[in-house]
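For reference, entry-v1.txt (compact mmCIF, C-alpha atoms):
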```txt
# COMPACT_ATOMS: atom_id res chain seq x y z
CA MET T 1 9.31 -39.15 -2.89
CA SER T 2 5.76 -38.43 -3.83
CA ARG T 3 3.96 -35.85 -1.77
CA GLU T 4 0.23 -35.38 -1.53
CA PRO T 5 -1.38 -32.19 -2.81
CA PHE T 6 -1.94 -29.87 0.16
CA GLU T 7 -5.67 -29.89 -0.59
CA ALA T 8 -5.75 -33.54 0.51
CA ILE T 9 -4.11 -32.58 3.81
CA VAL T 10 -6.73 -29.87 4.41
CA THR T 11 -9.56 -32.27 3.59
CA ARG T 12 -8.24 -35.10 5.73
CA TYR T 13 -6.97 -33.20 8.77
CA GLY T 14 -8.95 -29.94 8.68
CA PRO T 15 -11.83 -31.25 10.84
CA MET T 16 -9.41 -32.71 13.40
CA VAL T 17 -7.45 -29.47 13.69
CA LEU T 18 -10.69 -27.53 14.12
CA ARG T 19 -11.80 -29.81 16.97
CA VAL T 20 -8.43 -29.36 18.62
CA CYS T 21 -8.46 -25.57 18.19
CA ARG T 22 -12.00 -25.38 19.57
CA ALA T 23 -11.07 -27.56 22.53
CA VAL T 24 -7.89 -25.67 23.37
CA LEU T 25 -8.96 -22.10 22.64
CA GLY T 26 -12.74 -22.23 22.65
CA PRO T 27 -15.03 -21.91 19.63
CA ALA T 28 -14.72 -18.13 19.30
CA ASP T 29 -10.97 -18.10 18.67
CA ALA T 30 -10.73 -21.44 16.90
CA ASP T 31 -11.23 -20.07 13.37
CA ASP T 32 -8.24 -17.74 13.64
CA ALA T 33 -6.05 -20.47 15.07
CA TRP T 34 -7.12 -22.95 12.38
CA SER T 35 -6.41 -20.42 9.63
CA GLU T 36 -2.99 -19.52 10.96
CA THR T 37 -2.15 -23.18 11.47
CA PHE T 38 -2.95 -24.17 7.90
CA LEU T 39 -1.32 -21.10 6.37
CA SER T 40 1.91 -21.86 8.28
CA ALA T 41 1.63 -25.53 7.42
CA MET T 42 1.18 -24.76 3.73
CA LYS T 43 4.26 -22.52 3.77
CA ALA T 44 6.37 -25.26 5.35
CA TYR T 45 4.74 -28.18 3.55
CA PRO T 46 7.35 -28.62 0.79
CA GLU T 47 10.00 -29.13 3.48
CA LEU T 48 8.00 -31.63 5.57
CA ARG T 49 10.04 -34.81 5.79
CA PRO T 50 8.28 -37.57 3.86
CA GLY T 51 6.99 -40.30 6.13
CA SER T 52 6.63 -38.06 9.19
CA SER T 53 3.35 -37.95 11.09
CA VAL T 54 1.20 -35.25 9.52
CA GLU T 55 -1.17 -35.22 12.55
CA ALA T 56 1.67 -34.57 14.99
CA TRP T 57 3.13 -31.92 12.70
CA LEU T 58 -0.20 -30.08 12.41
CA VAL T 59 -0.94 -30.35 16.13
CA THR T 60 2.51 -28.95 16.89
CA ILE T 61 1.80 -25.93 14.68
CA ALA T 62 -1.69 -25.50 16.14
CA HIS T 63 -0.21 -25.73 19.64
CA ARG T 64 2.19 -22.86 18.90
CA LYS T 65 -0.59 -20.79 17.36
CA ALA T 66 -2.70 -21.29 20.48
CA ILE T 67 0.18 -20.11 22.66
CA ASP T 68 0.59 -17.08 20.37
CA GLN T 69 -3.07 -16.27 20.88
CA TRP T 70 -2.76 -16.55 24.66
CA ARG T 71 0.31 -14.31 24.55
CA GLY T 72 -1.58 -11.78 22.45
CA ARG T 73 -4.46 -11.82 24.90
CA ALA T 74 -2.08 -11.60 27.82
CA ARG T 75 -0.45 -8.53 26.29
CA ARG T 76 -3.80 -6.91 25.86
CA ALA T 77 -4.81 -7.84 29.41
CA VAL T 78 -2.82 -8.39 32.59
CA PRO T 79 0.80 -9.42 32.07
CA VAL T 80 1.54 -12.97 33.18
CA ALA T 81 4.76 -14.87 33.63
CA ASP T 82 4.02 -18.04 31.73
CA PRO T 83 1.38 -17.90 29.02
CA SER T 84 1.05 -21.68 28.99
CA GLU T 85 -0.19 -21.53 32.55
CA LEU T 86 -2.90 -19.09 31.63
CA THR T 87 -6.41 -20.23 32.27
CA GLU T 88 -8.83 -18.38 30.16
CA PRO T 89 -11.50 -16.49 32.08
CA ALA T 90 -14.89 -18.05 31.56
CA ASN T 91 -17.18 -15.84 29.56
CA GLY T 92 -20.11 -16.37 31.81
CA ALA T 93 -22.69 -16.76 29.08
CA SER T 94 -23.08 -20.53 28.92
CA ALA T 95 -25.79 -21.60 26.55
CA HIS T 96 -27.07 -25.09 27.09
CA GLY T 97 -25.53 -27.67 24.79
CA VAL T 98 -27.35 -29.20 21.86
CA PRO T 99 -26.27 -32.85 21.58
CA GLY T 100 -24.66 -33.84 18.29
CA THR T 101 -23.83 -30.24 17.39
CA TRP T 102 -20.93 -27.94 18.06
CA GLU T 103 -23.11 -25.97 20.49
CA THR T 104 -22.03 -27.79 23.58
CA ASP T 105 -21.13 -27.18 27.18
CA LEU T 106 -18.06 -29.34 26.59
CA TRP T 107 -16.14 -26.22 25.54
CA ASP T 108 -16.90 -24.54 28.84
CA ALA T 109 -15.93 -27.66 30.76
CA LEU T 110 -12.66 -27.85 28.81
CA LYS T 111 -12.04 -24.17 29.41
CA ALA T 112 -12.20 -24.79 33.14
CA LEU T 113 -9.33 -27.30 33.00
CA PRO T 114 -5.71 -26.23 33.51
CA PRO T 115 -4.07 -25.72 30.07
CA LYS T 116 -1.77 -28.79 30.25
CA GLN T 117 -4.71 -31.06 31.00
CA ARG T 118 -6.85 -29.46 28.34
CA GLN T 119 -4.06 -29.77 25.75
CA SER T 120 -3.30 -33.37 26.69
CA VAL T 121 -6.97 -34.30 26.41
CA ALA T 122 -7.33 -32.49 23.07
CA TYR T 123 -4.16 -33.86 21.50
CA HIS T 124 -4.78 -37.42 22.63
CA TYR T 125 -8.55 -37.80 22.44
CA LEU T 126 -9.45 -35.34 19.67
CA ALA T 127 -6.30 -35.45 17.52
CA GLY T 128 -5.68 -39.13 18.21
CA LEU T 129 -1.99 -38.70 18.98
CA PRO T 130 -0.30 -41.37 21.08
CA TYR T 131 1.06 -40.05 24.40
CA ALA T 132 4.64 -40.13 23.15
CA GLU T 133 3.67 -37.63 20.44
CA VAL T 134 1.53 -35.58 22.84
CA ALA T 135 4.67 -35.34 25.01
CA SER T 136 6.82 -34.17 22.11
CA VAL T 137 4.30 -31.42 21.38
CA LEU T 138 3.94 -30.33 25.02
CA GLY T 139 7.41 -31.13 26.29
CA GLY T 140 7.86 -33.55 29.18
CA THR T 141 7.42 -37.29 29.22
CA ALA T 142 4.77 -39.54 27.78
CA ALA T 143 3.88 -40.63 31.31
CA ALA T 144 3.30 -37.02 32.33
CA ALA T 145 1.11 -36.45 29.28
CA ARG T 146 -0.88 -39.57 30.14
CA ARG T 147 -1.36 -38.36 33.72
CA ALA T 148 -2.41 -34.88 32.59
CA ALA T 149 -4.95 -36.38 30.18
CA ALA T 150 -6.30 -38.71 32.86
CA ASP T 151 -6.66 -35.80 35.29
CA GLY T 152 -8.36 -33.79 32.55
CA ILE T 153 -10.83 -36.58 31.83
CA ALA T 154 -11.56 -36.93 35.55
CA GLY T 155 -12.20 -33.18 35.68
CA LEU T 156 -14.55 -33.36 32.72
CA ARG T 157 -16.44 -36.25 34.32
CA ARG T 158 -17.00 -34.08 37.37
CA THR T 159 -18.21 -31.00 35.53
CA TYR T 160 -19.42 -31.69 32.02
CA LEU T 161 -20.94 -35.14 32.40
CA THR T 162 -22.67 -34.29 35.63
CA SER T 163 -24.13 -31.12 34.22
CA THR T 164 -25.30 -32.69 30.97
CA THR T 165 -26.83 -35.81 32.48
CA GLU T 166 -28.60 -34.00 35.27
CA GLY T 167 -29.19 -30.78 33.45
CA ALA T 168 -27.94 -29.01 36.56
CA PRO T 169 -26.93 -25.39 36.24
CA ARG T 170 -23.31 -24.77 37.00
CA MET E 1 -33.09 -37.78 40.14
CA MET E 2 -30.95 -39.17 37.34
CA THR E 3 -27.58 -40.58 38.12
CA THR E 4 -24.55 -40.32 35.92
CA PRO E 5 -24.56 -43.35 33.62
CA PRO E 6 -21.42 -45.46 33.60
CA ILE E 7 -19.04 -44.48 30.82
CA ALA E 8 -17.51 -47.41 28.98
CA GLY E 9 -14.52 -45.51 27.69
CA ASP E 10 -13.06 -42.05 28.00
CA GLU E 11 -13.61 -41.51 24.28
CA GLU E 12 -17.34 -41.42 24.89
CA MET E 13 -16.83 -38.12 26.58
CA PHE E 14 -16.49 -36.68 23.09
CA ALA E 15 -19.04 -38.88 21.37
CA GLY E 16 -21.53 -36.02 21.31
CA LEU E 17 -19.24 -33.94 19.15
CA PRO E 18 -19.82 -34.17 15.42
CA VAL E 19 -16.76 -35.32 13.54
CA ASP E 20 -17.18 -32.77 10.79
CA ASP E 21 -18.52 -29.30 10.55
CA ASP E 22 -18.97 -28.77 6.84
CA ALA E 23 -20.05 -25.15 7.05
CA ALA E 24 -16.98 -24.26 9.09
CA GLN E 25 -14.69 -26.25 6.81
CA GLN E 26 -16.01 -24.43 3.74
CA ARG E 27 -15.63 -21.04 5.41
CA LEU E 28 -12.12 -21.86 6.61
CA HIS E 29 -11.09 -23.34 3.27
CA ALA E 30 -12.11 -20.16 1.46
CA ARG E 31 -10.19 -18.13 4.01
CA LEU E 32 -7.11 -20.32 3.53
CA VAL E 33 -7.27 -19.93 -0.25
CA ALA E 34 -7.43 -16.14 0.09
CA ALA E 35 -4.61 -16.01 2.64
CA ALA E 36 -2.40 -18.36 0.62
CA ALA E 37 -2.91 -16.33 -2.54
CA GLU E 38 -2.18 -13.14 -0.61
CA ALA E 39 1.01 -14.68 0.80
CA GLY E 40 2.06 -15.83 -2.67
CA ILE E 41 2.17 -19.52 -1.73
CA LEU E 42 -0.80 -20.78 -3.74
CA ASP E 43 1.49 -22.45 -6.28
CA VAL E 44 -1.19 -24.54 -7.99
CA ALA E 45 -4.89 -23.67 -8.04
CA TYR E 46 -7.35 -26.15 -9.48
CA CYS E 47 -11.02 -26.80 -10.02
CA THR E 48 -13.20 -29.26 -11.85
CA ILE E 49 -15.90 -28.35 -14.34
CA ASP E 50 -18.60 -30.30 -16.13
CA SER E 51 -18.38 -30.50 -19.90
CA PRO E 52 -19.97 -32.50 -22.73
CA VAL E 53 -16.88 -34.75 -22.62
CA GLY E 54 -17.10 -35.39 -18.89
CA THR E 55 -15.62 -33.72 -15.84
CA LEU E 56 -12.49 -31.74 -16.62
CA LEU E 57 -9.82 -30.78 -14.14
CA LEU E 58 -8.28 -27.34 -14.71
CA ALA E 59 -5.10 -26.22 -12.96
CA ALA E 60 -3.14 -22.98 -13.06
CA THR E 61 0.08 -21.61 -11.60
CA ASP E 62 0.91 -17.94 -11.15
CA GLU E 63 2.14 -18.00 -14.71
CA GLY E 64 -0.85 -19.47 -16.48
CA VAL E 65 -2.98 -22.53 -17.13
CA VAL E 66 -0.74 -25.53 -16.56
CA ARG E 67 -3.05 -28.54 -16.89
CA VAL E 68 -6.34 -29.67 -18.36
CA ALA E 69 -7.18 -33.28 -17.59
CA TYR E 70 -9.92 -35.68 -18.61
CA ALA E 71 -11.54 -37.94 -16.03
CA VAL E 72 -9.94 -40.99 -17.70
CA GLU E 73 -6.56 -39.59 -16.72
CA ASP E 74 -7.65 -39.99 -13.05
CA HIS E 75 -7.89 -36.56 -11.45
CA ASP E 76 -6.33 -37.73 -8.17
CA ALA E 77 -3.32 -39.02 -10.07
CA VAL E 78 -3.11 -35.75 -11.99
CA LEU E 79 -3.12 -33.74 -8.74
CA HIS E 80 -0.34 -35.93 -7.36
CA GLN E 81 1.61 -35.38 -10.56
CA LEU E 82 1.18 -31.61 -10.17
CA ALA E 83 2.31 -31.86 -6.54
CA ASP E 84 5.41 -33.76 -7.65
CA ARG E 85 6.32 -31.80 -10.72
CA VAL E 86 5.18 -28.25 -9.93
CA SER E 87 4.64 -27.84 -6.18
CA PRO E 88 2.79 -29.67 -3.40
CA ARG E 89 1.14 -26.35 -2.45
CA VAL E 90 -2.02 -27.28 -4.31
CA LEU E 91 -5.48 -26.00 -3.35
CA ARG E 92 -8.92 -26.16 -4.88
CA ALA E 93 -9.40 -22.52 -5.84
CA PRO E 94 -11.91 -22.13 -8.67
CA ALA E 95 -11.70 -18.32 -8.82
CA ARG E 96 -8.26 -18.44 -10.42
CA LEU E 97 -9.67 -20.68 -13.15
CA ASP E 98 -12.76 -18.58 -13.91
CA GLY E 99 -11.38 -17.22 -17.18
CA VAL E 100 -10.32 -20.50 -18.71
CA ALA E 101 -13.45 -22.26 -17.44
CA ARG E 102 -15.59 -19.67 -19.20
CA GLU E 103 -13.64 -20.04 -22.44
CA ILE E 104 -14.01 -23.82 -22.35
CA ASP E 105 -17.76 -23.41 -21.86
CA GLU E 106 -17.85 -21.08 -24.86
CA TYR E 107 -15.81 -23.56 -26.88
CA PHE E 108 -18.27 -26.36 -26.22
CA ALA E 109 -21.15 -24.02 -27.01
CA GLY E 110 -19.52 -23.45 -30.41
CA ARG E 111 -19.04 -19.76 -29.69
CA ARG E 112 -15.26 -19.84 -29.27
CA HIS E 113 -12.76 -20.97 -31.91
CA ALA E 114 -9.52 -19.96 -30.23
CA PHE E 115 -8.42 -19.68 -26.61
CA ASP E 116 -7.17 -16.45 -25.19
CA VAL E 117 -5.52 -17.51 -21.93
CA THR E 118 -1.91 -17.46 -20.82
CA LEU E 119 -0.39 -20.93 -20.68
CA ASP E 120 2.30 -22.39 -18.48
CA LEU E 121 3.94 -25.13 -20.56
CA ARG E 122 6.39 -26.30 -17.91
CA LEU E 123 5.00 -29.85 -17.99
CA ALA E 124 6.23 -30.31 -21.56
CA GLN E 125 9.90 -29.92 -22.37
CA GLY E 126 12.15 -30.18 -25.39
CA PHE E 127 10.72 -31.46 -28.64
CA ARG E 128 7.34 -32.18 -27.02
CA ARG E 129 7.08 -28.52 -26.14
CA THR E 130 8.08 -27.46 -29.64
CA VAL E 131 5.35 -29.70 -31.04
CA LEU E 132 2.73 -28.28 -28.69
CA SER E 133 3.73 -24.74 -29.57
CA HIS E 134 2.85 -25.42 -33.20
CA LEU E 135 -0.53 -27.07 -32.61
CA PRO E 136 -2.52 -23.82 -32.30
CA GLU E 137 -1.49 -23.13 -35.89
CA ILE E 138 -3.95 -25.84 -36.95
CA ALA E 139 -7.09 -23.77 -37.39
CA TYR E 140 -10.39 -24.56 -35.73
CA GLY E 141 -12.37 -27.05 -37.80
CA THR E 142 -9.33 -28.37 -39.66
CA THR E 143 -6.92 -31.21 -39.07
CA ALA E 144 -3.26 -31.91 -39.75
CA SER E 145 -1.31 -35.16 -40.01
CA TYR E 146 1.29 -36.27 -37.49
CA ALA E 147 3.80 -36.07 -40.34
CA ALA E 148 2.86 -32.47 -41.17
CA VAL E 149 3.24 -31.46 -37.52
CA ALA E 150 6.63 -33.21 -37.40
CA ALA E 151 7.70 -31.18 -40.43
CA VAL E 152 6.73 -27.78 -39.01
CA SER E 153 8.29 -28.77 -35.69
CA GLY E 154 11.62 -29.02 -37.47
CA ASN E 155 12.04 -32.79 -37.51
CA PRO E 156 10.07 -34.42 -40.36
CA LYS E 157 11.15 -37.91 -39.31
CA ALA E 158 9.90 -37.55 -35.75
CA VAL E 159 6.35 -38.64 -36.55
CA ARG E 160 6.20 -41.02 -33.58
CA ALA E 161 7.54 -38.37 -31.26
CA VAL E 162 4.73 -36.08 -32.40
CA GLY E 163 2.31 -38.85 -31.46
CA THR E 164 3.89 -39.04 -28.02
CA ALA E 165 3.80 -35.26 -27.60
CA CYS E 166 0.09 -35.27 -28.42
CA ALA E 167 -0.63 -38.24 -26.16
CA ARG E 168 1.07 -36.46 -23.26
CA ASN E 169 -0.29 -33.00 -23.99
CA PRO E 170 -0.82 -31.44 -20.54
CA LEU E 171 -3.33 -28.97 -22.01
CA PRO E 172 -5.75 -30.89 -24.24
CA ILE E 173 -8.65 -28.93 -25.80
CA ILE E 174 -6.77 -25.63 -25.32
CA VAL E 175 -3.70 -26.87 -27.19
CA PRO E 176 -5.58 -28.69 -29.96
CA CYS E 177 -3.84 -32.04 -30.24
CA HIS E 178 -7.24 -33.46 -31.19
CA ARG E 179 -6.74 -31.84 -34.61
CA VAL E 180 -3.76 -34.08 -35.34
CA ILE E 181 -4.77 -37.29 -37.11
CA ARG E 182 -3.08 -39.99 -39.15
CA SER E 183 -2.09 -39.40 -42.77
CA ASP E 184 -4.47 -42.16 -43.89
CA GLY E 185 -7.37 -40.30 -42.28
CA VAL E 186 -7.66 -42.57 -39.26
CA LEU E 187 -8.18 -40.45 -36.15
CA GLY E 188 -5.34 -42.03 -34.17
CA GLN E 189 -5.08 -42.06 -30.39
CA TYR E 190 -6.27 -39.39 -28.01
CA VAL E 191 -5.52 -38.61 -24.40
CA GLY E 192 -9.24 -38.35 -23.62
CA GLY E 193 -10.15 -41.44 -25.65
CA LEU E 194 -11.10 -41.79 -29.28
CA GLU E 195 -14.77 -40.98 -28.67
CA VAL E 196 -13.83 -37.60 -27.21
CA LYS E 197 -11.57 -36.84 -30.16
CA ARG E 198 -14.45 -37.60 -32.50
CA THR E 199 -16.77 -35.40 -30.43
CA LEU E 200 -14.39 -32.43 -30.54
CA LEU E 201 -13.79 -32.73 -34.26
CA SER E 202 -17.48 -32.95 -35.09
CA LEU E 203 -18.21 -30.02 -32.76
CA GLU E 204 -15.63 -27.98 -34.65
CA ALA E 205 -16.97 -29.18 -38.00
CA ARG E 206 -20.43 -27.89 -37.06
CA GLY E 207 -19.06 -24.59 -35.83
CA HIS E 208 -16.98 -24.16 -38.95
CA SER E 209 -19.10 -25.68 -41.68
CA GLU E 210 -17.31 -23.99 -44.55
CA VAL E 211 -14.23 -26.05 -43.78
CA ASP E 212 -14.15 -29.69 -44.82
CA HIS E 213 -12.82 -31.20 -41.62
CA ARG E 214 -12.34 -34.60 -43.22
CA LYS E 215 -9.64 -33.22 -45.43
CA VAL E 216 -6.41 -34.55 -44.10
CA GLY E 217 -3.24 -32.55 -43.88
CA GLY E 218 -4.89 -29.16 -44.23
CA PHE E 219 -2.45 -27.04 -42.31
CA ARG E 220 -3.60 -23.50 -42.05
CA PRO E 221 -1.26 -20.63 -41.29
CA ILE E 222 -1.48 -19.10 -37.90
CA PRO E 223 -3.81 -16.09 -37.85
CA PRO E 224 -2.18 -12.66 -37.64
CA GLU E 225 -3.16 -12.07 -34.04
CA LYS E 226 -1.84 -15.18 -32.38
CA PRO E 227 -4.63 -16.37 -30.11
CA LEU E 228 -2.40 -18.25 -27.70
CA GLU E 229 0.46 -16.94 -25.72
CA PHE E 230 3.22 -19.50 -25.30
CA ARG E 231 5.87 -19.19 -22.75
```
Using the file provided, produce a representation of the structure as structure tokens.
Amino acid sequence: MSREPFEAIVTRYGPMVLRVCRAVLGPADADDAWSETFLSAMKAYPELRPGSSVEAWLVTIAHRKAIDQWRGRARRAVPVADPSELTEPANGASAHGVPGTWETDLWDALKALPPKQRQSVAYHYLAGLPYAEVASVLGGTAAAARRAAADGIAGLRRTYLTSTTEGAPR
Amino acid sequence: MMTTPPIAGDEEMFAGLPVDDDAAQQRLHARLVAAAAEAGILDVAYCTIDSPVGTLLLAATDEGVVRVAYAVEDHDAVLHQLADRVSPRVLRAPARLDGVAREIDEYFAGRRHAFDVTLDLRLAQGFRRTVLSHLPEIAYGTTASYAAVAAVSGNPKAVRAVGTACARNPLPIIVPCHRVIRSDGVLGQYVGGLEVKRTLLSLEARGHSEVDHRKVGGFRPIPPEKPLEFR
């Protein structure tokens, strides 16, 4: 079975994985997560089953890398029981977004969501995974993933859209 | 006071995000190349360079230069072939090809008559590989016939097989299959096209004017310090 050169995978999916890493971890930590994701993916690439969904595979790796980062942060900070339930503390400094660029308040709005909602939103809306695949990344059912994404979107409508359309400080 | 405009679809929430971030992708790609090389998993590095005979793709493994390809060979197809036959861990990583790229530049400038790079000949096996290993013995600015190459390769009757070996040479220019022509003086086929073969031979004729490149069958002995290292 013919396999694509890994360079083609980086070119095609690199931007998607970066959007997902930025959404899940925030822009500051996204570079590290992206790098670790693609290095792991490249190691495992020869064993990837031909015909499997490359997006879902990459998102699964990125998901684990994000959890590793939260664990690392948790170790450095206050110990917590379940790293996946960790909500990152907001950094305070919230520059106003510039539309059409990566400088956007959307990251802060995403950061305010509970992790499951944020992940469901990122994996479905930014990675384009169907809910069944979002569920296999996150665990749980497709219906639960759909609900978490819907709740996440509702949360973003309340915070991000309101703040950007009215320019109101948060 | 403005009100929140109705949102047609949830996707529009993310419409303000650019799809690509080229600067970040370039930075991250460079970082991936460095990390992969460090981890020993950059199995195939490649780059493309401009040359007087069009864009050339250069590829190298840990062991040496493994592929030189003309644009007519279809670089995408060549990369797929490398993924299939060497390893799918293929990245664009020009730094690993700096040495051979410089030597090819020097060759086209007429300043280099022999290549001094380590080669990985894994894409040619058996008799084809034997044939290729003899081609550097044909000196710069000279030519040899398919029949003469068959003879030094140990099978004088395998003239057609020599033609096939040349046509499938994974390392054209560096392994000089362009110096193999027909016994009747006709240039014969070439992996990069006949025009390219003519260009290379006339380039070498200029750079080596004391040699009559039209003389057919001139088969010069390999120089004492063998310029190419075959594996």
Using all atoms listed in the file, the best pick from E:Thr142, E:Asp74, E:Val33, E:Arg89 as closest to chain T would be E:Arg89
Kindly provide the residues of chain E that approach chain T to within 7 Å, each paired with its closest atom pair and their distance in Å to one decimal, based on all atoms listed in the file, listed by chain and increasing number, as a tab-separated table.
```
residue	atom	partner	partner_atom	distance
E:Met2	CA	T:Glu166	CA	6.0
E:Thr4	CA	T:Thr165	CA	6.1
E:Glu11	CA	T:Tyr125	CA	6.5
E:Gly16	CA	T:Gly100	CA	4.9
E:Leu17	CA	T:Gly100	CA	5.5
E:Pro18	CA	T:Gly100	CA	5.6
E:Val19	CA	T:Pro15	CA	6.9
E:Asp20	CA	T:Pro15	CA	5.6
E:Asp21	CA	T:Pro15	CA	7.0
E:Leu28	CA	T:Ser35	CA	6.6
E:Leu32	CA	T:Ser35	CA	6.1
E:Ala36	CA	T:Leu39	CA	6.5
E:Ile41	CA	T:Lys43	CA	6.6
E:Leu79	CA	T:Pro5	CA	6.4
E:His80	CA	T:Glu4	CA	5.9
E:Ala83	CA	T:Pro5	CA	5.3
E:Asp84	CA	T:Ser2	CA	6.0
E:Pro88	CA	T:Pro5	CA	4.9
E:Arg89	CA	T:Phe6	CA	5.4
E:Val90	CA	T:Phe6	CA	5.2
E:Leu91	CA	T:Glu7	CA	4.8
E:Arg92	CA	T:Glu7	CA	6.5
```
Could you take the residues named above and write them with C-alpha atoms, as a compact mmCIF listing (two decimals), keeping the file's coordinate frame?
```
# COMPACT_ATOMS: atom_id res chain seq x y z
CA MET E 2 -30.95 -39.17 37.34
CA THR E 4 -24.55 -40.32 35.92
CA GLU E 11 -13.61 -41.51 24.28
CA GLY E 16 -21.53 -36.02 21.31
CA LEU E 17 -19.24 -33.94 19.15
CA PRO E 18 -19.82 -34.17 15.42
CA VAL E 19 -16.76 -35.32 13.54
CA ASP E 20 -17.18 -32.77 10.79
CA ASP E 21 -18.52 -29.30 10.55
CA LEU E 28 -12.12 -21.86 6.61
CA LEU E 32 -7.11 -20.32 3.53
CA ALA E 36 -2.40 -18.36 0.62
CA ILE E 41 2.17 -19.52 -1.73
CA LEU E 79 -3.12 -33.74 -8.74
CA HIS E 80 -0.34 -35.93 -7.36
CA ALA E 83 2.31 -31.86 -6.54
CA ASP E 84 5.41 -33.76 -7.65
CA PRO E 88 2.79 -29.67 -3.40
CA ARG E 89 1.14 -26.35 -2.45
CA VAL E 90 -2.02 -27.28 -4.31
CA LEU E 91 -5.48 -26.00 -3.35
CA ARG E 92 -8.92 -26.16 -4.88
```
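Taking atom CA of Val20 of chain T and atom CA of Arg147 of chain T as endpoints, the distance between them is 18.9 Å.
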Fill in: Polymer residues at most 8 Å from (-5.5, -23.6, -26.7) by only C-alpha atoms, as a PyMOL selection string
chain E and resi 114-117+136+171-176+228
Between atom CA of Ala15 of chain E and atom CA of Asp108 of chain T lies a distance of 16.3 Å
- Task: Name the closest residue to Thr159 of chain T among the candidates T:Arg146, T:Arg73, T:Lys116, T:Lys111; distances are taken between atoms, counting only C-alpha atoms.
- Result: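 Result for the nearest residue to Thr159 of chain T: T:Lys111.
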Arg96 of chain E: which residues within 8 Å, counting all atoms listed in the file, same-chain residues fewer than 2 positions away excluded, as JSON, numbers by chain? {"E": [45, 46, 60, 93, 94, 98, 99]}
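Atom CA of Ala33 of chain T to atom CA of Val54 of chain T spans 17.4 Å [interatomic distance, one decimal].
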N, CA and C atoms modelled onto segment 25-36 of chain T, as a tab-separated table (two decimals), in the coordinates of the input:
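Generated file (result-v5.tsv):
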```tsv
chain	number	residue	atom	x	y	z
T	25	LEU	N	-8.77	-23.55	22.58
T	25	LEU	CA	-8.96	-22.10	22.64
T	25	LEU	C	-10.41	-21.67	22.84
T	26	GLY	N	-11.33	-22.60	22.63
T	26	GLY	CA	-12.74	-22.23	22.65
T	26	GLY	C	-13.20	-21.89	21.24
T	27	PRO	N	-14.50	-22.06	20.99
T	27	PRO	CA	-15.03	-21.91	19.63
T	27	PRO	C	-14.78	-20.53	19.03
T	28	ALA	N	-14.79	-19.48	19.85
T	28	ALA	CA	-14.72	-18.13	19.30
T	28	ALA	C	-13.36	-17.86	18.63
T	29	ASP	N	-12.30	-18.39	19.20
T	29	ASP	CA	-10.97	-18.10	18.67
T	29	ASP	C	-10.44	-19.20	17.76
T	30	ALA	N	-11.22	-20.27	17.62
T	30	ALA	CA	-10.73	-21.44	16.90
T	30	ALA	C	-10.50	-21.16	15.41
T	31	ASP	N	-11.37	-20.35	14.81
T	31	ASP	CA	-11.23	-20.07	13.37
T	31	ASP	C	-9.89	-19.42	13.07
T	32	ASP	N	-9.52	-18.43	13.88
T	32	ASP	CA	-8.24	-17.74	13.64
T	32	ASP	C	-7.08	-18.72	13.79
T	33	ALA	N	-7.15	-19.53	14.83
T	33	ALA	CA	-6.05	-20.47	15.07
T	33	ALA	C	-5.96	-21.50	13.94
T	34	TRP	N	-7.10	-21.98	13.49
T	34	TRP	CA	-7.12	-22.95	12.38
T	34	TRP	C	-6.50	-22.31	11.14
T	35	SER	N	-6.91	-21.09	10.84
T	35	SER	CA	-6.41	-20.42	9.63
T	35	SER	C	-4.91	-20.21	9.69
T	36	GLU	N	-4.43	-19.75	10.83
T	36	GLU	CA	-2.99	-19.52	10.96
T	36	GLU	C	-2.22	-20.84	10.92
```
